[in-house]
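Peer 1: Have a look at this one before I ask anything.
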Amino acid sequence: MLVFGTEMHIVTFNFIALEIAMVFYQLIYTLSRPEDKNRMWYMILLFLLIVYNITGGLFPDPQINIPIVTQNIIAYGSGFLMAAYFPYYFYKGFDLPRLRFQAIYGVLLFLIVPYLIFFVIGYSINKNLDLAIEYGIIIPFFYSIILLLAILRAIRIKYQEHSTRTNFMEMVAVYCAVVPWSALTVFAYFHVGQLIEVIFTNGGFLVITIIFISKSITQAKIEYEQLMELTINGTQPSSFQDNYQHYQLTNREIEIVQFIRQGFKYKLIGETLFISERTVTKHVQNIFEKTNVFNRVELLHKLEQQPPLNASI
């Protein structure tokens, strides 16, 4: 079933609508916590998936006033770009240093370069899409197998270091998320229909989303417990005063730090100081940059220590 007289399947459209709603939700959260790098990596992945779904759902369509060759180049390009970013997301988002080569250099050599040679250049010249697919997918196909094994191995090694039932279930979920994306080259080679491709790839992404939400909740809980422990136990005021001066915090920033020490949330800090929550977030971000930390727990830990003598900031 197609929508709005286009080539887009209704299932693809529903996935796009859901993912756009997710973008707005994640954007609001990102603005409130800009220091959360994992959320930024996830946002990029989500954006690329939406582009992939839109281009794959709409193109090629003779009714669209864009040359068919250009439509195909864009559609396949979004797929290659999505597949190329996938290992980088796991490298950064899951902290898998073993994937560094694949995430930075491997995808460039074995995914992006073949796409440029066979689809952008070759297909533009000979206008033969089947030929571009036949030869342009060979290297990415074999590389996708290598990449799949590399990702699975990196994940397995990481979780073996902290073997728990929760980590085991998360590892299985990651496997389920990775496999559909590794099959993109197979889908392209055999001209798999839009419906099957969208269900598999977006299904894998939904698994990633569940993992991401689970990890975010766990991390937030840990951070909150650590913050409450610091708040309850108290800290040495003298070290804080010394650090205020050492890191050159403004009076407003010092006020906000003092509220953070009491366990106040950003919204409550804003209401107390008669400023917006967004302004509080901006001040907190400035404090993090000055003190070179990434969250409130790290901030309090750093401020309770005596500043280094004769150290430059």
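We label chains A, B, ... in the order they appear in the structure tokens, count residues from 1 in each chain, and number ligands from 1 in the order shown.
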Quick one: residues within 8 Å of region 54-69 of chain A, only C-alpha atoms counted, chain neighbours fewer than 6 positions away excluded, as a VMD selection string?
Peer 2: chain A and resid 6 to 9 12 to 13 16 75 to 76 78 123 to 124 127 194
Peer 1: Nearest residue to Ile20 (chain A) out of A:Phe80, A:Tyr189, A:Phe47, A:Trp41, using only C-alpha atoms?
Peer 2: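 Among A:Phe80, A:Tyr189, A:Phe47, A:Trp41, it is A:Phe47 that comes nearest to Ile20 (chain A).
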Peer 1: Excluding region 269-285 of chain A and its own-chain neighbours fewer than 5 positions away, which residues fall within 12 Å of it when counting only C-alpha atoms? Please give them as a PyMOL selection string.
Peer 2: chain A and resi 28-36+249-264+290-296+299
Peer 1: Give me a file of those residues, with C-alpha atoms, as an mmCIF file, in the first residue's frame.
Peer 2:
data_model
loop_
_atom_site.group_PDB
_atom_site.id
_atom_site.type_symbol
_atom_site.label_atom_id
_atom_site.label_comp_id
_atom_site.auth_asym_id
_atom_site.auth_seq_id
_atom_site.Cartn_x
_atom_site.Cartn_y
_atom_site.Cartn_z
ATOM 1 C CA ILE A 28 14.634 18.526 23.727
ATOM 2 C CA TYR A 29 16.639 16.193 25.936
ATOM 3 C CA THR A 30 19.869 17.041 24.104
ATOM 4 C CA LEU A 31 19.352 20.767 24.659
ATOM 5 C CA SER A 32 18.901 20.153 28.377
ATOM 6 C CA ARG A 33 22.023 17.968 28.571
ATOM 7 C CA PRO A 34 24.402 18.974 25.770
ATOM 8 C CA GLU A 35 27.274 17.189 27.506
ATOM 9 C CA ASP A 36 25.686 13.801 26.728
ATOM 10 C CA LEU A 249 33.830 30.740 37.969
ATOM 11 C CA THR A 250 31.512 33.728 37.872
ATOM 12 C CA ASN A 251 29.214 34.599 40.762
ATOM 13 C CA ARG A 252 26.242 33.157 38.889
ATOM 14 C CA GLU A 253 28.130 29.946 38.133
ATOM 15 C CA ILE A 254 29.104 29.635 41.802
ATOM 16 C CA GLU A 255 25.445 29.996 42.781
ATOM 17 C CA ILE A 256 24.480 27.225 40.385
ATOM 18 C CA VAL A 257 27.236 24.927 41.673
ATOM 19 C CA GLN A 258 25.965 25.442 45.203
ATOM 20 C CA PHE A 259 22.466 24.421 44.143
ATOM 21 C CA ILE A 260 23.862 21.377 42.335
ATOM 22 C CA ARG A 261 25.585 20.404 45.598
ATOM 23 C CA GLN A 262 22.157 20.425 47.231
ATOM 24 C CA GLY A 263 20.762 18.079 44.590
ATOM 25 C CA PHE A 264 18.610 20.660 42.815
ATOM 26 C CA LYS A 290 36.003 25.475 32.564
ATOM 27 C CA THR A 291 36.526 22.502 34.862
ATOM 28 C CA ASN A 292 36.927 19.952 32.047
ATOM 29 C CA VAL A 293 34.233 17.546 33.268
ATOM 30 C CA PHE A 294 31.218 15.939 31.591
ATOM 31 C CA ASN A 295 28.567 15.622 34.295
ATOM 32 C CA ARG A 296 27.560 16.868 37.733
ATOM 33 C CA LEU A 299 32.113 18.289 38.750
#
Peer 1: Hey, which bits of region 3-102 of chain A sit within 9 Å of region 165-184 of chain A, and for each residue what's the closest pair of atoms and how far apart in Å (one decimal), counting only C-alpha atoms, rows by chain and increasing number, as a tab-separated table?
Peer 2:
residue	atom	partner	partner_atom	distance
A:Gly79	CA	A:Leu184	CA	7.8
A:Phe80	CA	A:Leu184	CA	8.8
A:Met82	CA	A:Trp181	CA	8.9
A:Ala83	CA	A:Trp181	CA	6.7
A:Phe86	CA	A:Trp181	CA	8.2
Peer 1: Counting only C-alpha atoms, figure out which residue out of A:Ile145, A:Leu195, A:Leu206, A:Ala188 gets nearest to Leu2 (chain A).
Peer 2: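 Closest to Leu2 (chain A), using only C-alpha atoms: A:Leu195.
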Peer 1: Taking only C-alpha atoms into account, which of A:Leu111, A:Ile44, A:Met1, A:Ile287 comes nearest Gln248 (chain A)?
Peer 2: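 Closest to Gln248 (chain A), using only C-alpha atoms: A:Ile287.
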Peer 1: As a PyMOL selection string, list the residues of region 28-269 of chain A assigned to helix (DSSP H, G or I) by DSSP on the backbone atoms of this structure.
Peer 2: chain A and resi 28-32+37-58+68-93+97-126+129-136+138-161+165-182+184-189+194-233+237-246+251-261+266-269
Peer 1: Quick one: everything within 10 Å of Leu129 (chain A), counting only C-alpha atoms, minus sequence neighbours fewer than 6 positions away in the same chain. Send it as JSON, numbers by chain.
Peer 2: {"A": [69, 72, 73, 118, 119, 122, 123, 136]}
Peer 1: Restricting the calculation to only C-alpha atoms: of A:Tyr89, A:Tyr224, A:Tyr143, A:Tyr115, which residue gets closest to Ala103 (chain A)?
Peer 2: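 Distance minimum relative to Ala103 (chain A) lands on A:Tyr89.
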